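What follows is the content of coords14.txt, which has compact mmCIF, C-alpha atoms and all ligand atoms:
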# COMPACT_ATOMS: atom_id res chain seq x y z
CA MET A 1443 2.48 20.41 13.20
CA ALA A 1444 1.49 21.85 9.89
CA LYS A 1445 -1.34 21.39 7.47
CA LEU A 1446 -0.01 20.53 4.03
CA ASN A 1447 -1.42 21.52 0.63
CA ILE A 1448 -3.15 18.66 -1.23
CA LEU A 1449 -2.56 18.43 -4.99
CA GLU A 1450 -5.67 18.03 -7.16
CA PHE A 1451 -6.37 16.16 -10.40
CA PRO A 1452 -5.23 16.72 -13.15
CA ASP A 1453 -2.02 18.07 -11.56
CA PRO A 1454 0.81 16.16 -13.34
CA ARG A 1455 2.75 15.84 -10.05
CA LEU A 1456 0.10 13.30 -8.96
CA THR A 1457 1.48 10.92 -11.62
CA THR A 1458 4.96 10.80 -10.02
CA VAL A 1459 6.24 7.38 -8.91
CA ALA A 1460 7.46 7.62 -5.28
CA LYS A 1461 10.87 6.35 -4.12
CA PRO A 1462 11.46 4.12 -1.08
CA VAL A 1463 12.12 5.84 2.26
CA GLU A 1464 15.74 5.29 3.28
CA ASN A 1465 16.22 7.48 6.34
CA PHE A 1466 14.05 6.82 9.38
CA ASP A 1467 14.95 10.14 10.99
CA GLU A 1468 13.23 13.01 12.78
CA SER A 1469 12.18 14.71 9.54
CA LEU A 1470 10.30 11.53 8.57
CA LYS A 1471 8.44 11.58 11.91
CA LYS A 1472 7.53 15.25 11.34
CA LEU A 1473 6.22 14.39 7.85
CA VAL A 1474 4.09 11.56 9.30
CA GLN A 1475 2.63 13.96 11.90
CA ASP A 1476 1.93 16.66 9.30
CA MET A 1477 0.32 14.16 6.91
CA THR A 1478 -1.86 12.76 9.72
CA GLN A 1479 -3.03 16.24 10.73
CA THR A 1480 -3.67 17.12 7.06
CA MET A 1481 -5.74 13.93 6.60
CA TYR A 1482 -7.88 14.64 9.70
CA GLU A 1483 -8.44 18.31 8.82
CA ALA A 1484 -9.52 17.34 5.30
CA ASN A 1485 -11.88 14.66 6.72
CA GLY A 1486 -10.10 11.91 4.80
CA ILE A 1487 -9.58 8.30 5.88
CA GLY A 1488 -6.18 8.10 4.19
CA LEU A 1489 -3.44 10.20 2.63
CA ALA A 1490 -0.44 9.25 0.48
CA ALA A 1491 2.76 11.35 0.45
CA THR A 1492 2.33 11.88 -3.31
CA GLN A 1493 -0.80 13.95 -2.59
CA VAL A 1494 1.23 16.47 -0.59
CA ASN A 1495 3.95 16.56 -3.26
CA VAL A 1496 6.42 14.38 -1.34
CA HIS A 1497 7.49 11.55 -3.61
CA LYS A 1498 8.42 8.96 -1.00
CA ARG A 1499 6.71 5.61 -0.33
CA LEU A 1500 4.61 6.34 2.74
CA LEU A 1501 0.95 6.68 3.57
CA VAL A 1502 -1.18 7.37 6.61
CA LEU A 1503 -4.72 6.19 7.24
CA ASP A 1504 -7.40 5.97 9.89
CA VAL A 1505 -10.42 3.84 9.04
CA SER A 1506 -11.70 3.72 12.66
CA ALA A 1507 -15.23 5.01 13.34
CA ASP A 1508 -14.00 7.52 15.94
CA GLN A 1509 -11.03 8.69 13.84
CA ASN A 1510 -8.67 8.02 16.72
CA GLN A 1511 -6.51 5.19 15.35
CA PRO A 1512 -3.96 6.79 13.03
CA ARG A 1513 -1.66 4.33 11.22
CA VAL A 1514 1.43 4.79 9.08
CA TYR A 1515 2.78 2.44 6.41
CA ILE A 1516 6.28 3.11 5.09
CA ASN A 1517 7.63 1.27 2.02
CA PRO A 1518 4.43 -0.82 1.91
CA GLU A 1519 4.22 -3.99 -0.18
CA ILE A 1520 1.22 -6.23 -0.80
CA THR A 1521 2.62 -9.75 -0.32
CA SER A 1522 -0.61 -11.62 -1.06
CA GLN A 1523 -4.12 -10.81 -2.17
CA ALA A 1524 -7.38 -12.69 -2.68
CA GLY A 1525 -11.04 -12.14 -3.52
CA GLU A 1526 -12.82 -9.12 -4.88
CA GLN A 1527 -14.82 -6.22 -3.47
CA THR A 1528 -16.37 -3.18 -5.06
CA HIS A 1529 -16.50 0.00 -3.02
CA GLU A 1530 -17.61 3.55 -3.75
CA GLU A 1531 -14.40 5.58 -3.58
CA GLY A 1532 -13.62 9.24 -3.19
CA CYS A 1533 -10.28 11.04 -3.09
CA LEU A 1534 -9.03 14.25 -1.50
CA SER A 1535 -7.21 14.92 -4.79
CA VAL A 1536 -10.46 14.55 -6.77
CA PRO A 1537 -12.89 16.46 -4.51
CA GLY A 1538 -16.62 15.85 -4.83
CA ILE A 1539 -16.29 12.90 -7.23
CA TYR A 1540 -17.24 9.32 -6.29
CA ALA A 1541 -17.06 6.10 -8.29
CA SER A 1542 -17.18 2.36 -7.71
CA VAL A 1543 -13.83 0.60 -7.96
CA LYS A 1544 -13.14 -3.16 -7.88
CA ARG A 1545 -10.23 -4.22 -5.68
CA ALA A 1546 -8.93 -7.24 -3.75
CA GLU A 1547 -11.00 -8.17 -0.64
CA ASN A 1548 -8.17 -9.66 1.45
CA ILE A 1549 -4.58 -8.49 1.39
CA THR A 1550 -1.40 -9.07 3.34
CA VAL A 1551 0.67 -5.90 3.69
CA LYS A 1552 4.29 -5.75 4.75
CA ALA A 1553 5.59 -2.30 5.71
CA ARG A 1554 7.75 -0.39 8.18
CA ASP A 1555 6.66 1.96 10.96
CA ALA A 1556 8.20 5.40 11.60
CA ASP A 1557 11.04 3.78 13.59
CA GLY A 1558 11.90 1.52 10.67
CA ASN A 1559 10.53 -1.67 12.25
CA VAL A 1560 8.98 -4.15 9.81
CA PHE A 1561 5.43 -5.41 10.43
CA GLU A 1562 2.98 -7.50 8.48
CA GLU A 1563 -0.83 -7.35 8.62
CA GLN A 1564 -3.78 -9.13 7.07
CA LEU A 1565 -6.51 -6.70 6.10
CA GLU A 1566 -10.00 -6.85 4.62
CA GLY A 1567 -12.93 -4.56 3.85
CA LEU A 1568 -12.47 -0.78 3.93
CA HIS A 1569 -8.99 -1.02 5.48
CA ALA A 1570 -7.86 -3.13 2.49
CA VAL A 1571 -9.60 -0.75 0.03
CA CYS A 1572 -7.91 2.28 1.57
CA ILE A 1573 -4.40 0.74 1.50
CA GLN A 1574 -4.83 -0.23 -2.15
CA HIS A 1575 -6.12 3.29 -2.99
CA GLU A 1576 -3.13 4.90 -1.19
CA MET A 1577 -0.59 2.52 -2.74
CA ASP A 1578 -1.97 3.47 -6.16
CA HIS A 1579 -1.12 7.13 -5.37
CA LEU A 1580 2.48 6.05 -4.66
CA VAL A 1581 2.80 4.77 -8.23
CA GLY A 1582 1.07 7.83 -9.67
CA ARG A 1583 -2.37 6.27 -10.15
CA LEU A 1584 -5.75 7.76 -9.17
CA PHE A 1585 -9.09 5.97 -8.84
CA VAL A 1586 -10.37 7.94 -11.86
CA ASP A 1587 -7.74 6.09 -13.95
CA TYR A 1588 -10.03 3.03 -13.67
CA LEU A 1589 -12.85 4.95 -15.39
CA SER A 1590 -13.28 5.22 -19.16
CA PRO A 1591 -11.45 8.14 -20.84
CA LEU A 1592 -14.87 9.72 -21.50
CA LYS A 1593 -15.86 9.61 -17.81
CA ARG A 1594 -12.40 10.84 -16.75
CA ASN A 1595 -12.85 13.83 -19.05
CA MET A 1596 -16.23 14.53 -17.42
CA VAL A 1597 -14.48 14.47 -14.04
CA ARG A 1598 -11.86 16.94 -15.32
CA LYS A 1599 -14.57 19.32 -16.59
CA LYS A 1600 -16.60 19.08 -13.39
CA LEU A 1601 -13.54 19.93 -11.27
CA GLU A 1602 -12.67 22.85 -13.57
CA LYS A 1603 -16.21 24.18 -13.15
CA GLN A 1604 -16.12 23.71 -9.35
CA ARG A 1605 -12.87 25.70 -9.23
CA LYS A 1606 -14.31 28.49 -11.37
CA VAL A 1607 -17.37 28.77 -9.13
CA ALA A 1608 -15.14 28.85 -6.02
CA ALA A 1609 -12.90 31.55 -7.56
CA LYS A 1610 -15.95 33.62 -8.55
CA GLU A 1611 -17.38 33.35 -5.02
CA ALA A 1612 -14.07 34.48 -3.54
CA GLU A 1613 -14.16 37.48 -5.91
CA ASP A 1614 -17.77 38.35 -4.92
CA HIS A 1615 -16.77 38.31 -1.27
CA LEU A 1616 -13.95 40.73 -2.02
CA VAL A 1617 -16.29 43.15 -3.84
CA ILE A 1618 -18.80 43.14 -0.96
O1 LIG A 1701 -11.04 10.02 2.36
C1 LIG A 1701 -11.01 9.10 1.54
N1 LIG A 1701 -12.04 8.23 1.47
C2 LIG A 1701 -12.02 7.07 0.72
C3 LIG A 1701 -13.22 6.40 0.52
C4 LIG A 1701 -13.25 5.23 -0.20
C5 LIG A 1701 -12.09 4.70 -0.71
C6 LIG A 1701 -10.88 5.35 -0.52
C7 LIG A 1701 -10.85 6.53 0.19
S1 LIG A 1701 -9.32 7.32 0.45
C8 LIG A 1701 -9.86 8.99 0.62
C9 LIG A 1701 -8.70 9.88 1.01
C10 LIG A 1701 -7.69 9.92 -0.10
O2 LIG A 1701 -7.82 10.55 -1.10
N2 LIG A 1701 -6.64 9.15 0.04
O3 LIG A 1701 -5.75 9.09 -0.95
NI NI A 1702 -6.83 9.49 -2.76
Let's see the structure in the file written out as structure tokens.
Amino acid sequence: MAKLNILEFPDPRLTTVAKPVENFDESLKKLVQDMTQTMYEANGIGLAATQVNVHKRLLVLDVSADQNQPRVYINPEITSQAGEQTHEEGCLSVPGIYASVKRAENITVKARDADGNVFEEQLEGLHAVCIQHEMDHLVGRLFVDYLSPLKRNMVRKKLEKQRKVAAKEAEDHLVI
């Protein structure tokens, strides 16, 4: 297993539209394992392939309290949706930033598992939020795209500053 690098906003690769998975082979299973490990190590509840610079339609998530129920959705489609919910969202590709986003409350998702078998599920609450957030990544969309351009620019500046501080700290450690 390997921990993968997570792309961060405003990296243009995060805007790539992913292509359907066609081969349900061993390399796909390895990617699912690596993405799951990467998600857990980053303390995320979900991860889309786009975030690790793989532009295929798959995502992993684990919304269980004990973080012991990993799930994979390959070539996911939302076949029905209803209602509305607003949830405070964060994103591993936009670290340290949180904003409320309005999404569907109930969704039906059709997808394949790592063996290529089709399944369908009805989801609500955080599980539904997370799937919608991850499926946005697969079409190159981030939760900050729902904010006003002004707020999105503030997010960009805050991340730039965070990175500068982190780089400076790394430099200080080297000097000492
Ligand atoms: O870890 C994550 N938490 C989260 C919280 C609210 C709504 C969505 C998410 S997904 C996010 C991980 C991530 O960036 N997935 O793409
Ligand atoms: Ni995200």
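Using only C-alpha atoms, the contacts of region 1448-1455 of chain A at a cut-off of 8 Å, with sequence neighbours closer than 5 positions omitted, comprise Thr1492, Gln1493, Val1494, Asn1495, Leu1534, Ser1535, Val1536, Pro1537 and Arg1598 of chain A.
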Enumerate as a ChimeraX atom specification the residues within 6 Å of ligand LIG 1701 (chain A), counting all atoms listed in the file.
-> /A:1486-1490,1530-1535,1572,1575-1576
From the list A:Ala1608, A:Leu1584, A:Val1496, A:Ile1520, which residue is nearest ligand NI 1702 (chain A) when using all atoms listed in the file?
->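 Distance minimum relative to ligand NI 1702 (chain A) lands on A:Leu1584.
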Residue with smallest distance to ligand NI 1702 (chain A) - pool A:Thr1521, A:Ser1590, A:Thr1550, A:Gln1574, counting all atoms listed in the file | A:Gln1574
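Nearest to Gln1509 (chain A) of all the residues A:Val1607, A:Leu1592, A:Leu1446, A:Met1481 is A:Met1481, counting all atoms listed in the file.
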With all atoms listed in the file as the basis for distance, which of A:Ser1469, A:Gln1479, A:Asn1485, A:Gln1527 is at the shortest distance from ligand NI 1702 (chain A)?
->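 Under the stated criterion, the closest residue is A:Asn1485.
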With only C-alpha atoms and all ligand atoms as the atoms that count, which of A:Lys1603, A:Lys1445, A:Lys1610, A:Arg1583 lies nearest to ligand NI 1702 (chain A)?
->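 Going through A:Lys1603, A:Lys1445, A:Lys1610, A:Arg1583 one by one, the smallest distance to ligand NI 1702 (chain A) is for A:Arg1583.
For the choices A:Ala1484, A:Leu1616, A:Ala1609, A:Ile1549, the atom-to-atom distance to ligand NI 1702 (chain A) is smallest for A:Ala1484 when using all atoms listed in the file.
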Distance in Å - CA of Thr1457 (chain A) versus CA of Arg1594 (chain A) =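 Value for the CA of Thr1457 (chain A)-CA of Arg1594 (chain A) distance: 14.8 Å.
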Please, what distance in Å, to one decimal, runs between CA of Arg1499 (chain A) and CA of Asn1517 (chain A)?
->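 Taking CA of Arg1499 (chain A) as the start and CA of Asn1517 (chain A) as the end point, the length is 5.0 Å.
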Shell of 12 Å around region 1567-1571 of chain A, only C-alpha atoms, local chain residues under 2 positions omitted, as a CSV table (one decimal) with C-alpha atoms, in the frame of the given file:
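Saved as out-v6.csv:
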chain,number,residue,atom,x,y,z
A,1487,ILE,CA,-9.6,8.3,5.9
A,1488,GLY,CA,-6.2,8.1,4.2
A,1502,VAL,CA,-1.2,7.4,6.6
A,1503,LEU,CA,-4.7,6.2,7.2
A,1504,ASP,CA,-7.4,6.0,9.9
A,1505,VAL,CA,-10.4,3.8,9.0
A,1506,SER,CA,-11.7,3.7,12.7
A,1507,ALA,CA,-15.2,5.0,13.3
A,1511,GLN,CA,-6.5,5.2,15.4
A,1512,PRO,CA,-4.0,6.8,13.0
A,1513,ARG,CA,-1.7,4.3,11.2
A,1520,ILE,CA,1.2,-6.2,-0.8
A,1522,SER,CA,-0.6,-11.6,-1.1
A,1523,GLN,CA,-4.1,-10.8,-2.2
A,1524,ALA,CA,-7.4,-12.7,-2.7
A,1525,GLY,CA,-11.0,-12.1,-3.5
A,1526,GLU,CA,-12.8,-9.1,-4.9
A,1527,GLN,CA,-14.8,-6.2,-3.5
A,1528,THR,CA,-16.4,-3.2,-5.1
A,1529,HIS,CA,-16.5,0.0,-3.0
A,1530,GLU,CA,-17.6,3.6,-3.8
A,1531,GLU,CA,-14.4,5.6,-3.6
A,1532,GLY,CA,-13.6,9.2,-3.2
A,1542,SER,CA,-17.2,2.4,-7.7
A,1543,VAL,CA,-13.8,0.6,-8.0
A,1544,LYS,CA,-13.1,-3.2,-7.9
A,1545,ARG,CA,-10.2,-4.2,-5.7
A,1546,ALA,CA,-8.9,-7.2,-3.8
A,1547,GLU,CA,-11.0,-8.2,-0.6
A,1548,ASN,CA,-8.2,-9.7,1.4
A,1549,ILE,CA,-4.6,-8.5,1.4
A,1550,THR,CA,-1.4,-9.1,3.3
A,1551,VAL,CA,0.7,-5.9,3.7
A,1563,GLU,CA,-0.8,-7.4,8.6
A,1564,GLN,CA,-3.8,-9.1,7.1
A,1565,LEU,CA,-6.5,-6.7,6.1
A,1573,ILE,CA,-4.4,0.7,1.5
A,1574,GLN,CA,-4.8,-0.2,-2.2
A,1575,HIS,CA,-6.1,3.3,-3.0
A,1576,GLU,CA,-3.1,4.9,-1.2
A,1577,MET,CA,-0.6,2.5,-2.7
A,1578,ASP,CA,-2.0,3.5,-6.2
A,1585,PHE,CA,-9.1,6.0,-8.8
Interatomic distance between CA of Glu1519 (chain A) and CA of Glu1562 (chain A)?
-> 9.4 Å
Selection as a ChimeraX atom specification: residues within 6 Å of (6.6, 8.5, -10.4), counting all atoms listed in the file | /A:1457-1460,1581-1582
